[in-house]
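Below: the structure, in structure tokens.
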Amino acid sequence: MSGYIEAQLIILCLSIIYAYGIFLPAASGQLNLGAAGFITLGAYASAWFNASTGAELPMWLSIPLAMIFTGVIAFAISFPILRTRGVYMVLATFAFAEVVSGVAINLEFVGGAAGFPVDGHTDVTVIVPVTIGVILFSFYFMSTRLGLSLRSIHDDESVATLFGVNVRTSKVVAFTVGAMLMSLGGSLYGHHYNYIEAQTFNVLLSIYILLYVLMGGTQTAWGPLIGAAFFAIVPETLREIAESAGLKWLAEGRFILFGVFIVLLMVFRPEGVMTRTLQDRLGGGLFRRKKTAVEETGGGA
Amino acid sequence: MTNHLLEIAGMHKSFGGLKVIDDVSFKVRRSSRTALIGPNGAGKTTVFNLLTGVYPIDAGTITVDGQDITDVPPQDRVTVGMSRSFQNIRLMPHLSTVENVMLGQHARARKLGSLLFPLGMLPHNKWRQAAEEALENAGVGTYPGEIVSNLPYGVQKRIEVVRAMVSDPKLLLLDEPAAGLNKTETNQLQELLERVSDQGVTILVVEHDMQFVRDLCDHIVVLNFGRKIFEGTPEEVHQDPAVLEAYLGTDDDTAEAANAS
């Protein structure tokens with residue numbers, strides 16, 4: 001594998017992991033713009049647990065410990081944050097990410113504003129299997145009764161309550177597990193590039209990740225995969241093609257084209273590229289039973 | 001064990017300065033089919049919302065199967081044995097038929113093991129099969145994988161009843177189940193409810209279709225302006241002066257008369 005393709009693959013994998021971290025809460029209708037905060041927590045925590053100046057733990061321990069650390073923080077802040085809704089939740093999570101960033105820049109034992117060199121190194125042979133694991137986990141998670149509850153909460157919270165769904169608990173679980181996935185992605189980022197600074201994980205990253213999820217669609221577990229893959233691959237591929245075709249204006253202006261495309265997507269697919277209806281039309285999906293005996297014999301009723 | 005499944009005593013509810021439920025008390029006999037009727041705005045749906053805990057009540061008590069549920073939070077009331085359908089269809093539009101019904105099973109599946117069971121991955125699991133069976137028994141077995149928002153109104157209405165049924169309720173609260181249905185659909189619904197009732201489930205139904213109420217129910221409670229004005233059999237209700245006044249008015253309010261008959 002060439003170095004270039006490998007680099008692209010790693011960006012893709014990290015984007016996918018981040019996207020699932022935002023997708024799990026988004027499936028229940030929560031808009032989380034705090035991705036950068038959870039990624040920062042994961043990256044710094046794992047780096048410190050692993051560092052020779054820190055806890056000196058091996059990576060296979062430091063990464064899960066960072067996930068637990070992030071999970072505890074996410075759990076604690078989820079109670080005030082989940083009292084807010086819609087655009088207010090966007091603001092609350094954004095504010096949280098800013099706080100994390102501000103703290104990281106001012107903590108001298110993790111390098112402060114100069115950034116933090118990371119000791120242990122992970123490469124594509126770790127990141128790709130972990131990403132596949134995250135995808136499978138997310139598909140499993142969404143197929144459980146808890147996943148069904150989250151999707152019900154997204155559609156009608158009060159009816160879900162009347163059928164016995166504990167709305168608060170379900171939302172907290174989705175928020176916390178999502179944060180832990182983002183922490184995992186952040187740790188892998190740190191251990192791959194071996195250098196982290198809080199400024200890299202800025203609000204633009206949070207916006208992009210939320211866009212992956214919303215563009216991909218929050219109704220099925222395919223959404224974030226499609227969204228992340230599209231956003232991570234298309235701009236870069238567009239540059240490649242444009243440059244090799246000698247179209248310098250296209251290579252430089254590709255983000256304009258991309259912006260137009262996002263607007264068009266919002267107009268024509270406001271619920272994301274992948275919806276439940278589309279999944280059904282494509283043949284029922286991999287993990288769903290397509291037809292029952294009644295449907296096959298009964299035909300179009 | 002009392003022979004009344006539901007007992008409402010001295011229930012009050014005000015929204016701001018408006019008294020919407022004013023000292024309402026009635027009892028619903030075990031295995032009966034009781035109708036709650038009254039002109040528009042009488043507070044029928046509010047009674048349902050208070051029973052299921054959508055709003056807290058201001059005063060009074062609600063007892064289901066001998067258990068005082070006045071202070072039980074809404075998500076736990078379904079486990080007491082009470083389940084409802086809604087006046088305006090409130091199925092989850094992005095879920096398939098069978099997933100909507102599986103949501104109805106939630107009250108029986110609140111343990112961690114059940115919550116983490118991959119319903120969507122294993123096609124032949126007991127929850128999905130039970131949900132499909134319930135749909136088939138109600139005559140909507142042909143649509144289990146369909147997204148509900150694509151289905152006809154009458155079918156969606158019946159799915160709501162099925163969803164309420166699969167939580168295994170002792171008391172089924174139906175808010176205008178026949179509204180908007182044609183004659184055939186109403187008859188199918190009535191057959192379904194009679195079968196449900198024969199299994200021993202108590203039914204409390206809000207309905208404007210008086211033909212449907214007369215055919216289905218054995219007991220009627222009439223509300224007007226948040227007060228109970230009548231309680232008795234379907235035969236008696238037509239002779240009661242207070243009920244006639246509520247529906248027909250003392251003057252010539254013939255529009256309501258057409259509704260009531």
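The chains in the structure tokens are called A, B, ... from first to last as shown; in each chain the residues are counted from 1, and the ligands are counted from 1 in the order shown.
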
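Residue neighbourhood of Leu205 of chain A, excluding near-sequence residues (fewer than 4 positions): Ala35, Ala36, Thr200, Phe201, Ile209 and Leu210 of chain A, at 9 Å, using only C-alpha atoms.
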
Can I get the selected residues back with C-alpha atoms, as a PDB file, in the first residue's frame?
```pdb
ATOM      1  CA  ALA A  35     -17.031  16.021  19.071  1.00  0.00           C
ATOM      2  CA  ALA A  36     -13.753  17.959  19.335  1.00  0.00           C
ATOM      3  CA  THR A 200      -6.170  20.688  15.926  1.00  0.00           C
ATOM      4  CA  PHE A 201      -9.424  19.563  17.529  1.00  0.00           C
ATOM      5  CA  ILE A 209     -18.377  15.285  11.994  1.00  0.00           C
ATOM      6  CA  LEU A 210     -21.925  16.432  12.703  1.00  0.00           C
TER       7      LEU A 210
END
```

Which residues of chain B come within 9 Å of chain A, and for each one, what is the closest pair of atoms and their distance in Å to one decimal, counting only C-alpha atoms, sorted by chain and residue number, as JSON lines?
```
{"residue": "B:Thr52", "atom": "CA", "partner": "A:Leu162", "partner_atom": "CA", "distance": 6.9}
{"residue": "B:Gly53", "atom": "CA", "partner": "A:Leu162", "partner_atom": "CA", "distance": 8.0}
{"residue": "B:Val54", "atom": "CA", "partner": "A:Ser158", "partner_atom": "CA", "distance": 7.7}
{"residue": "B:Pro74", "atom": "CA", "partner": "A:Leu162", "partner_atom": "CA", "distance": 5.9}
{"residue": "B:Gln75", "atom": "CA", "partner": "A:Gly164", "partner_atom": "CA", "distance": 4.2}
{"residue": "B:Asp76", "atom": "CA", "partner": "A:Gly164", "partner_atom": "CA", "distance": 5.8}
{"residue": "B:Arg77", "atom": "CA", "partner": "A:Gly164", "partner_atom": "CA", "distance": 7.5}
{"residue": "B:Val78", "atom": "CA", "partner": "A:Gly164", "partner_atom": "CA", "distance": 5.9}
{"residue": "B:Thr79", "atom": "CA", "partner": "A:Gly164", "partner_atom": "CA", "distance": 7.2}
{"residue": "B:Ser83", "atom": "CA", "partner": "A:Phe163", "partner_atom": "CA", "distance": 7.3}
{"residue": "B:Arg84", "atom": "CA", "partner": "A:Leu162", "partner_atom": "CA", "distance": 8.2}
{"residue": "B:Arg90", "atom": "CA", "partner": "A:Val159", "partner_atom": "CA", "distance": 7.3}
{"residue": "B:Leu91", "atom": "CA", "partner": "A:Asp156", "partner_atom": "CA", "distance": 8.3}
{"residue": "B:Met92", "atom": "CA", "partner": "A:Asp155", "partner_atom": "CA", "distance": 5.6}
{"residue": "B:Pro93", "atom": "CA", "partner": "A:Asp155", "partner_atom": "CA", "distance": 6.8}
{"residue": "B:His94", "atom": "CA", "partner": "A:Arg276", "partner_atom": "CA", "distance": 6.9}
{"residue": "B:Leu95", "atom": "CA", "partner": "A:Ser152", "partner_atom": "CA", "distance": 7.7}
{"residue": "B:Ser96", "atom": "CA", "partner": "A:Arg276", "partner_atom": "CA", "distance": 8.7}
{"residue": "B:Glu99", "atom": "CA", "partner": "A:Leu148", "partner_atom": "CA", "distance": 7.5}
{"residue": "B:Asn100", "atom": "CA", "partner": "A:Ser152", "partner_atom": "CA", "distance": 8.4}
{"residue": "B:Met102", "atom": "CA", "partner": "A:Arg145", "partner_atom": "CA", "distance": 8.4}
{"residue": "B:Leu103", "atom": "CA", "partner": "A:Phe163", "partner_atom": "CA", "distance": 7.0}
{"residue": "B:Gly104", "atom": "CA", "partner": "A:Phe163", "partner_atom": "CA", "distance": 5.9}
{"residue": "B:Gln105", "atom": "CA", "partner": "A:Phe163", "partner_atom": "CA", "distance": 7.9}
{"residue": "B:His106", "atom": "CA", "partner": "A:Gly164", "partner_atom": "CA", "distance": 6.0}
{"residue": "B:Ala107", "atom": "CA", "partner": "A:Gly164", "partner_atom": "CA", "distance": 5.0}
{"residue": "B:Arg108", "atom": "CA", "partner": "A:Gly164", "partner_atom": "CA", "distance": 8.7}
{"residue": "B:Ala109", "atom": "CA", "partner": "A:Arg145", "partner_atom": "CA", "distance": 8.4}
{"residue": "B:Arg110", "atom": "CA", "partner": "A:Gly164", "partner_atom": "CA", "distance": 8.0}
{"residue": "B:Ser114", "atom": "CA", "partner": "A:Arg145", "partner_atom": "CA", "distance": 7.0}
{"residue": "B:Leu115", "atom": "CA", "partner": "A:Arg145", "partner_atom": "CA", "distance": 4.8}
{"residue": "B:Leu116", "atom": "CA", "partner": "A:Thr144", "partner_atom": "CA", "distance": 5.2}
{"residue": "B:Phe117", "atom": "CA", "partner": "A:Thr144", "partner_atom": "CA", "distance": 5.1}
{"residue": "B:Pro118", "atom": "CA", "partner": "A:Thr144", "partner_atom": "CA", "distance": 4.0}
{"residue": "B:Leu119", "atom": "CA", "partner": "A:Thr144", "partner_atom": "CA", "distance": 5.2}
{"residue": "B:Gly120", "atom": "CA", "partner": "A:Ser143", "partner_atom": "CA", "distance": 4.4}
{"residue": "B:Met121", "atom": "CA", "partner": "A:Phe287", "partner_atom": "CA", "distance": 5.1}
{"residue": "B:Leu122", "atom": "CA", "partner": "A:Phe287", "partner_atom": "CA", "distance": 7.8}
{"residue": "B:Pro123", "atom": "CA", "partner": "A:Arg289", "partner_atom": "CA", "distance": 5.5}
{"residue": "B:His124", "atom": "CA", "partner": "A:Arg289", "partner_atom": "CA", "distance": 8.7}
{"residue": "B:Glu132", "atom": "CA", "partner": "A:Thr292", "partner_atom": "CA", "distance": 8.8}
{"residue": "B:Glu136", "atom": "CA", "partner": "A:Val294", "partner_atom": "CA", "distance": 8.8}
{"residue": "B:Gly141", "atom": "CA", "partner": "A:Val294", "partner_atom": "CA", "distance": 6.8}
{"residue": "B:Thr142", "atom": "CA", "partner": "A:Glu295", "partner_atom": "CA", "distance": 5.3}
{"residue": "B:Tyr143", "atom": "CA", "partner": "A:Glu295", "partner_atom": "CA", "distance": 7.2}
{"residue": "B:Pro144", "atom": "CA", "partner": "A:Thr292", "partner_atom": "CA", "distance": 7.6}
{"residue": "B:Gly145", "atom": "CA", "partner": "A:Lys291", "partner_atom": "CA", "distance": 6.9}
{"residue": "B:Glu146", "atom": "CA", "partner": "A:Asp280", "partner_atom": "CA", "distance": 8.2}
{"residue": "B:Ile147", "atom": "CA", "partner": "A:Thr277", "partner_atom": "CA", "distance": 7.0}
{"residue": "B:Ala164", "atom": "CA", "partner": "A:Phe163", "partner_atom": "CA", "distance": 8.1}
{"residue": "B:Ser167", "atom": "CA", "partner": "A:Phe163", "partner_atom": "CA", "distance": 7.8}
```

Counting only C-alpha atoms, what is within 12 Å of segment 55-67 of chain A, bar same-chain residues fewer than 2 positions away, as a PyMOL selection string? chain A and resi 21+38-53+69-75+109-110+118-122+126+130+176-192

Just checking: using only C-alpha atoms, which residue out of B:Pro177, B:Gly43, B:Pro234, B:Pro241 ends up closest to Ser85 of chain B? B:Pro177

Secondary structure check, strand (DSSP E) residues of segment 35-192 of chain B, as a PyMOL selection string: chain B and resi 35-37+59-64+67-68+82-84+171-175

Expected file contents, prior selection, all heavy atoms, as a CSV table (one decimal), in the first residue's frame:
```csv
chain,number,residue,atom,x,y,z
B,35,ALA,N,-67.4,2.9,27.9
B,35,ALA,CA,-67.2,4.0,27.0
B,35,ALA,C,-67.2,5.3,27.8
B,35,ALA,O,-67.9,5.4,28.7
B,35,ALA,CB,-68.3,4.0,25.9
B,36,LEU,N,-66.3,6.2,27.4
B,36,LEU,CA,-66.2,7.5,28.0
B,36,LEU,C,-66.6,8.5,26.8
B,36,LEU,O,-65.9,8.6,25.9
B,36,LEU,CB,-64.8,7.8,28.4
B,36,LEU,CG,-64.5,9.1,29.2
B,36,LEU,CD1,-65.4,9.2,30.4
B,36,LEU,CD2,-63.0,9.1,29.6
B,37,ILE,N,-67.8,9.0,27.0
B,37,ILE,CA,-68.3,9.9,25.9
B,37,ILE,C,-68.6,11.3,26.4
B,37,ILE,O,-68.6,11.5,27.6
B,37,ILE,CB,-69.5,9.3,25.1
B,37,ILE,CG1,-70.7,9.2,26.1
B,37,ILE,CG2,-69.2,8.0,24.5
B,37,ILE,CD1,-72.0,8.9,25.3
B,59,ALA,N,-55.6,16.9,42.1
B,59,ALA,CA,-56.1,16.2,43.3
B,59,ALA,C,-56.9,15.0,43.0
B,59,ALA,O,-57.3,14.8,41.8
B,59,ALA,CB,-57.1,17.2,44.0
B,60,GLY,N,-57.0,14.1,43.9
B,60,GLY,CA,-57.7,12.8,43.7
B,60,GLY,C,-56.7,11.6,43.6
B,60,GLY,O,-55.5,11.8,43.8
B,61,THR,N,-57.3,10.5,43.4
B,61,THR,CA,-56.5,9.3,43.3
B,61,THR,C,-56.9,8.4,42.1
B,61,THR,O,-58.0,8.4,41.6
B,61,THR,CB,-56.6,8.4,44.5
B,61,THR,OG1,-58.0,8.1,44.7
B,61,THR,CG2,-56.0,9.0,45.8
B,62,ILE,N,-55.9,7.7,41.5
B,62,ILE,CA,-56.2,6.7,40.5
B,62,ILE,C,-55.7,5.4,41.0
B,62,ILE,O,-54.5,5.3,41.4
B,62,ILE,CB,-55.4,7.1,39.2
B,62,ILE,CG1,-55.7,8.5,38.7
B,62,ILE,CG2,-55.7,6.1,38.1
B,62,ILE,CD1,-54.7,9.1,37.7
B,63,THR,N,-56.5,4.4,40.9
B,63,THR,CA,-56.1,3.1,41.4
B,63,THR,C,-56.3,2.1,40.3
B,63,THR,O,-57.4,2.0,39.7
B,63,THR,CB,-57.0,2.7,42.6
B,63,THR,OG1,-57.0,3.8,43.5
B,63,THR,CG2,-56.5,1.4,43.3
B,64,VAL,N,-55.3,1.3,39.9
B,64,VAL,CA,-55.4,0.3,38.9
B,64,VAL,C,-55.1,-1.0,39.6
B,64,VAL,O,-54.1,-1.2,40.2
B,64,VAL,CB,-54.5,0.5,37.8
B,64,VAL,CG1,-54.5,-0.7,36.8
B,64,VAL,CG2,-54.8,1.8,37.0
B,67,GLN,N,-53.8,-1.0,43.0
B,67,GLN,CA,-52.6,-0.3,43.3
B,67,GLN,C,-52.8,1.2,43.0
B,67,GLN,O,-53.2,1.6,41.9
B,67,GLN,CB,-51.5,-0.9,42.4
B,67,GLN,CG,-50.1,-0.3,42.7
B,67,GLN,CD,-49.1,-0.8,41.7
B,67,GLN,OE1,-49.3,-1.8,41.0
B,67,GLN,NE2,-47.9,-0.2,41.6
B,68,ASP,N,-52.4,2.0,44.0
B,68,ASP,CA,-52.6,3.5,43.8
B,68,ASP,C,-51.4,3.9,42.9
B,68,ASP,O,-50.2,3.8,43.2
B,68,ASP,CB,-52.5,4.2,45.1
B,68,ASP,CG,-52.7,5.7,45.0
B,68,ASP,OD1,-52.7,6.2,43.9
B,68,ASP,OD2,-52.8,6.3,46.1
B,82,MET,N,-51.4,-1.0,32.0
B,82,MET,CA,-52.3,0.0,31.3
B,82,MET,C,-51.6,0.4,30.0
B,82,MET,O,-50.4,0.7,30.0
B,82,MET,CB,-52.5,1.2,32.3
B,82,MET,CG,-53.5,2.2,31.8
B,82,MET,SD,-53.8,3.3,33.2
B,82,MET,CE,-52.3,4.0,33.5
B,83,SER,N,-52.4,0.4,29.0
B,83,SER,CA,-51.7,0.8,27.7
B,83,SER,C,-52.8,1.5,26.9
B,83,SER,O,-54.0,1.4,27.0
B,83,SER,CB,-51.3,-0.5,27.0
B,83,SER,OG,-50.5,-0.2,25.9
B,84,ARG,N,-52.3,2.4,25.9
B,84,ARG,CA,-53.3,3.2,25.3
B,84,ARG,C,-53.0,3.4,23.8
B,84,ARG,O,-51.9,3.2,23.3
B,84,ARG,CB,-53.3,4.6,25.9
B,84,ARG,CG,-52.2,5.5,25.6
B,84,ARG,CD,-52.3,6.9,26.2
B,84,ARG,NE,-53.2,7.7,25.3
B,84,ARG,CZ,-53.4,9.0,25.5
B,84,ARG,NH1,-52.7,9.6,26.5
B,84,ARG,NH2,-54.1,9.7,24.7
B,171,LEU,N,-55.7,-3.2,31.3
B,171,LEU,CA,-56.6,-2.1,30.9
B,171,LEU,C,-56.2,-1.5,29.6
B,171,LEU,O,-55.0,-1.0,29.5
B,171,LEU,CB,-56.7,-1.1,32.0
B,171,LEU,CG,-57.5,0.2,31.8
B,171,LEU,CD1,-59.0,-0.2,31.6
B,171,LEU,CD2,-57.3,1.2,32.9
B,172,LEU,N,-57.0,-1.5,28.6
B,172,LEU,CA,-56.7,-0.9,27.3
B,172,LEU,C,-57.5,0.4,27.1
B,172,LEU,O,-58.7,0.4,27.2
B,172,LEU,CB,-57.0,-1.9,26.2
B,172,LEU,CG,-56.6,-1.7,24.8
B,172,LEU,CD1,-55.1,-1.5,24.7
B,172,LEU,CD2,-57.1,-2.8,23.9
B,173,LEU,N,-56.7,1.5,27.0
B,173,LEU,CA,-57.4,2.8,26.8
B,173,LEU,C,-57.3,3.1,25.3
B,173,LEU,O,-56.3,3.2,24.7
B,173,LEU,CB,-56.6,3.8,27.6
B,173,LEU,CG,-56.4,3.6,29.1
B,173,LEU,CD1,-55.5,4.6,29.7
B,173,LEU,CD2,-57.7,3.6,29.8
B,174,LEU,N,-58.5,3.3,24.7
B,174,LEU,CA,-58.5,3.6,23.3
B,174,LEU,C,-59.1,5.0,23.0
B,174,LEU,O,-60.3,5.2,23.4
B,174,LEU,CB,-59.3,2.5,22.5
B,174,LEU,CG,-58.8,1.1,22.7
B,174,LEU,CD1,-59.8,0.1,22.1
B,174,LEU,CD2,-57.4,0.9,22.0
B,175,ASP,N,-58.4,5.9,22.4
B,175,ASP,CA,-58.9,7.2,22.2
B,175,ASP,C,-59.3,7.4,20.8
B,175,ASP,O,-58.5,7.5,19.9
B,175,ASP,CB,-57.8,8.2,22.5
B,175,ASP,CG,-58.3,9.6,22.7
B,175,ASP,OD1,-59.5,9.8,22.4
B,175,ASP,OD2,-57.6,10.5,23.2
```

List every residue of segment 171-204 of chain B that DSSP, applied to the backbone, labels as helix (DSSP H, G or I), and write the result as a ChimeraX atom specification. /B:183-198

Just-selected residues, C-alpha atoms written as a short mmCIF file (atom, residue, chain, number, x, y, z; two decimals), in the first residue's frame:
```
data_model
loop_
_atom_site.label_atom_id
_atom_site.label_comp_id
_atom_site.auth_asym_id
_atom_site.auth_seq_id
_atom_site.Cartn_x
_atom_site.Cartn_y
_atom_site.Cartn_z
CA LYS B 183 -67.88 1.09 7.78
CA THR B 184 -65.86 -2.01 6.87
CA GLU B 185 -62.83 -0.84 8.82
CA THR B 186 -64.99 0.00 11.83
CA ASN B 187 -66.49 -3.50 11.77
CA GLN B 188 -63.02 -5.07 11.56
CA LEU B 189 -61.91 -2.94 14.49
CA GLN B 190 -64.96 -3.95 16.49
CA GLU B 191 -64.31 -7.65 15.87
CA LEU B 192 -60.70 -7.17 16.95
CA LEU B 193 -61.75 -5.42 20.16
CA GLU B 194 -64.36 -8.08 20.94
CA ARG B 195 -61.69 -10.75 20.67
CA VAL B 196 -59.38 -8.70 22.90
CA SER B 197 -62.19 -8.30 25.40
CA ASP B 198 -62.92 -12.03 25.35
#
```

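Using only C-alpha atoms, the nearest neighbour of His12 of chain B within the list B:Lys228, B:Val166, B:Gly41, B:Phe212 is B:Lys228.
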
Excluding same-chain residues fewer than 2 positions from Leu265 of chain A, what lies within 12 Å of it counting only C-alpha atoms, as a list in words? Leu211, Tyr212, Leu214, Met215, Gly216, Gly217, Gly227, Phe258, Gly259, Val260, Phe261, Ile262, Val263, Val267, Phe268, Arg269, Pro270, Glu271, Gly272, Val273 and Met274 of chain A

Kindly export the residues of the current selection with N, CA and C atoms, as a PDB file, in the first residue's frame.
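This is the output file selection_3.pdb:
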```pdb
ATOM      1  N   LEU A 211     -21.826  17.078  10.361  1.00  0.00           N
ATOM      2  CA  LEU A 211     -22.294  17.083   8.968  1.00  0.00           C
ATOM      3  C   LEU A 211     -22.252  15.677   8.356  1.00  0.00           C
ATOM      4  N   TYR A 212     -21.150  14.944   8.605  1.00  0.00           N
ATOM      5  CA  TYR A 212     -21.065  13.558   8.092  1.00  0.00           C
ATOM      6  C   TYR A 212     -22.339  12.813   8.444  1.00  0.00           C
ATOM      7  N   LEU A 214     -25.357  13.966   9.701  1.00  0.00           N
ATOM      8  CA  LEU A 214     -26.633  14.482   9.227  1.00  0.00           C
ATOM      9  C   LEU A 214     -26.798  14.260   7.725  1.00  0.00           C
ATOM     10  N   MET A 215     -25.693  14.387   6.985  1.00  0.00           N
ATOM     11  CA  MET A 215     -25.763  14.163   5.533  1.00  0.00           C
ATOM     12  C   MET A 215     -25.948  12.684   5.227  1.00  0.00           C
ATOM     13  N   GLY A 216     -25.272  11.855   5.995  1.00  0.00           N
ATOM     14  CA  GLY A 216     -25.380  10.413   5.761  1.00  0.00           C
ATOM     15  C   GLY A 216     -26.760   9.901   6.144  1.00  0.00           C
ATOM     16  N   GLY A 217     -27.347  10.510   7.174  1.00  0.00           N
ATOM     17  CA  GLY A 217     -28.670  10.079   7.634  1.00  0.00           C
ATOM     18  C   GLY A 217     -28.589   9.444   9.011  1.00  0.00           C
ATOM     19  N   GLY A 227     -21.828   8.885   5.116  1.00  0.00           N
ATOM     20  CA  GLY A 227     -21.474  10.298   5.266  1.00  0.00           C
ATOM     21  C   GLY A 227     -19.975  10.494   5.427  1.00  0.00           C
ATOM     22  N   PHE A 258     -18.131  21.532  -3.588  1.00  0.00           N
ATOM     23  CA  PHE A 258     -18.544  20.685  -2.485  1.00  0.00           C
ATOM     24  C   PHE A 258     -19.644  21.365  -1.675  1.00  0.00           C
ATOM     25  N   GLY A 259     -19.472  22.673  -1.464  1.00  0.00           N
ATOM     26  CA  GLY A 259     -20.474  23.446  -0.732  1.00  0.00           C
ATOM     27  C   GLY A 259     -21.812  23.428  -1.449  1.00  0.00           C
ATOM     28  N   VAL A 260     -21.761  23.621  -2.757  1.00  0.00           N
ATOM     29  CA  VAL A 260     -22.987  23.581  -3.557  1.00  0.00           C
ATOM     30  C   VAL A 260     -23.650  22.215  -3.393  1.00  0.00           C
ATOM     31  N   PHE A 261     -22.809  21.186  -3.406  1.00  0.00           N
ATOM     32  CA  PHE A 261     -23.343  19.836  -3.291  1.00  0.00           C
ATOM     33  C   PHE A 261     -24.053  19.626  -1.944  1.00  0.00           C
ATOM     34  N   ILE A 262     -23.463  20.182  -0.882  1.00  0.00           N
ATOM     35  CA  ILE A 262     -24.085  20.037   0.450  1.00  0.00           C
ATOM     36  C   ILE A 262     -25.452  20.719   0.466  1.00  0.00           C
ATOM     37  N   VAL A 263     -25.515  21.918  -0.139  1.00  0.00           N
ATOM     38  CA  VAL A 263     -26.798  22.627  -0.178  1.00  0.00           C
ATOM     39  C   VAL A 263     -27.833  21.800  -0.933  1.00  0.00           C
ATOM     40  N   VAL A 267     -31.433  20.158   0.318  1.00  0.00           N
ATOM     41  CA  VAL A 267     -32.715  20.435  -0.328  1.00  0.00           C
ATOM     42  C   VAL A 267     -33.409  19.125  -0.708  1.00  0.00           C
ATOM     43  N   PHE A 268     -32.648  18.213  -1.298  1.00  0.00           N
ATOM     44  CA  PHE A 268     -33.293  17.024  -1.867  1.00  0.00           C
ATOM     45  C   PHE A 268     -33.315  15.822  -0.922  1.00  0.00           C
ATOM     46  N   ARG A 269     -32.384  15.764   0.017  1.00  0.00           N
ATOM     47  CA  ARG A 269     -32.387  14.659   0.995  1.00  0.00           C
ATOM     48  C   ARG A 269     -32.287  15.238   2.393  1.00  0.00           C
ATOM     49  N   PRO A 270     -33.312  15.940   2.863  1.00  0.00           N
ATOM     50  CA  PRO A 270     -33.191  16.586   4.176  1.00  0.00           C
ATOM     51  C   PRO A 270     -33.020  15.598   5.321  1.00  0.00           C
ATOM     52  N   GLU A 271     -33.403  14.356   5.121  1.00  0.00           N
ATOM     53  CA  GLU A 271     -33.238  13.370   6.201  1.00  0.00           C
ATOM     54  C   GLU A 271     -31.954  12.574   6.026  1.00  0.00           C
ATOM     55  N   GLY A 272     -31.067  13.009   5.126  1.00  0.00           N
ATOM     56  CA  GLY A 272     -29.802  12.312   4.905  1.00  0.00           C
ATOM     57  C   GLY A 272     -29.877  11.426   3.671  1.00  0.00           C
ATOM     58  N   VAL A 273     -28.700  11.000   3.227  1.00  0.00           N
ATOM     59  CA  VAL A 273     -28.662  10.183   2.024  1.00  0.00           C
ATOM     60  C   VAL A 273     -29.365   8.845   2.255  1.00  0.00           C
ATOM     61  N   MET A 274     -29.056   8.249   3.418  1.00  0.00           N
ATOM     62  CA  MET A 274     -29.579   6.908   3.688  1.00  0.00           C
ATOM     63  C   MET A 274     -30.760   6.998   4.647  1.00  0.00           C
TER      64      MET A 274
END
```

Separation of atom CA of Cys217 of chain B from atom CA of Glu236 of chain B in Å: 12.8 Å

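Taking atom CA of Ile233 of chain A and atom CA of Gln8 of chain A as endpoints, the distance between them is 7.7 Å.
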
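If you measure from each of A:Ile10, A:Met89, A:Ile127, A:Val134 to Ala221 of chain A using only C-alpha atoms, the closest one turns out to be A:Val134.
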
Need the shell around Val20 of chain B: protein/DNA/RNA residues with any atom at most 10 Å away, counting only C-alpha atoms. Skip same-chain ones fewer than 4 positions apart. Format as a list of chain:residue names? B:His12, B:Lys13, B:Ser14, B:Phe15, B:Gly16, B:Gly41, B:Ala42, B:Gly43, B:Lys44, B:Thr46, B:Val47, B:Asn224, B:Phe225, B:Gly226, B:Arg227
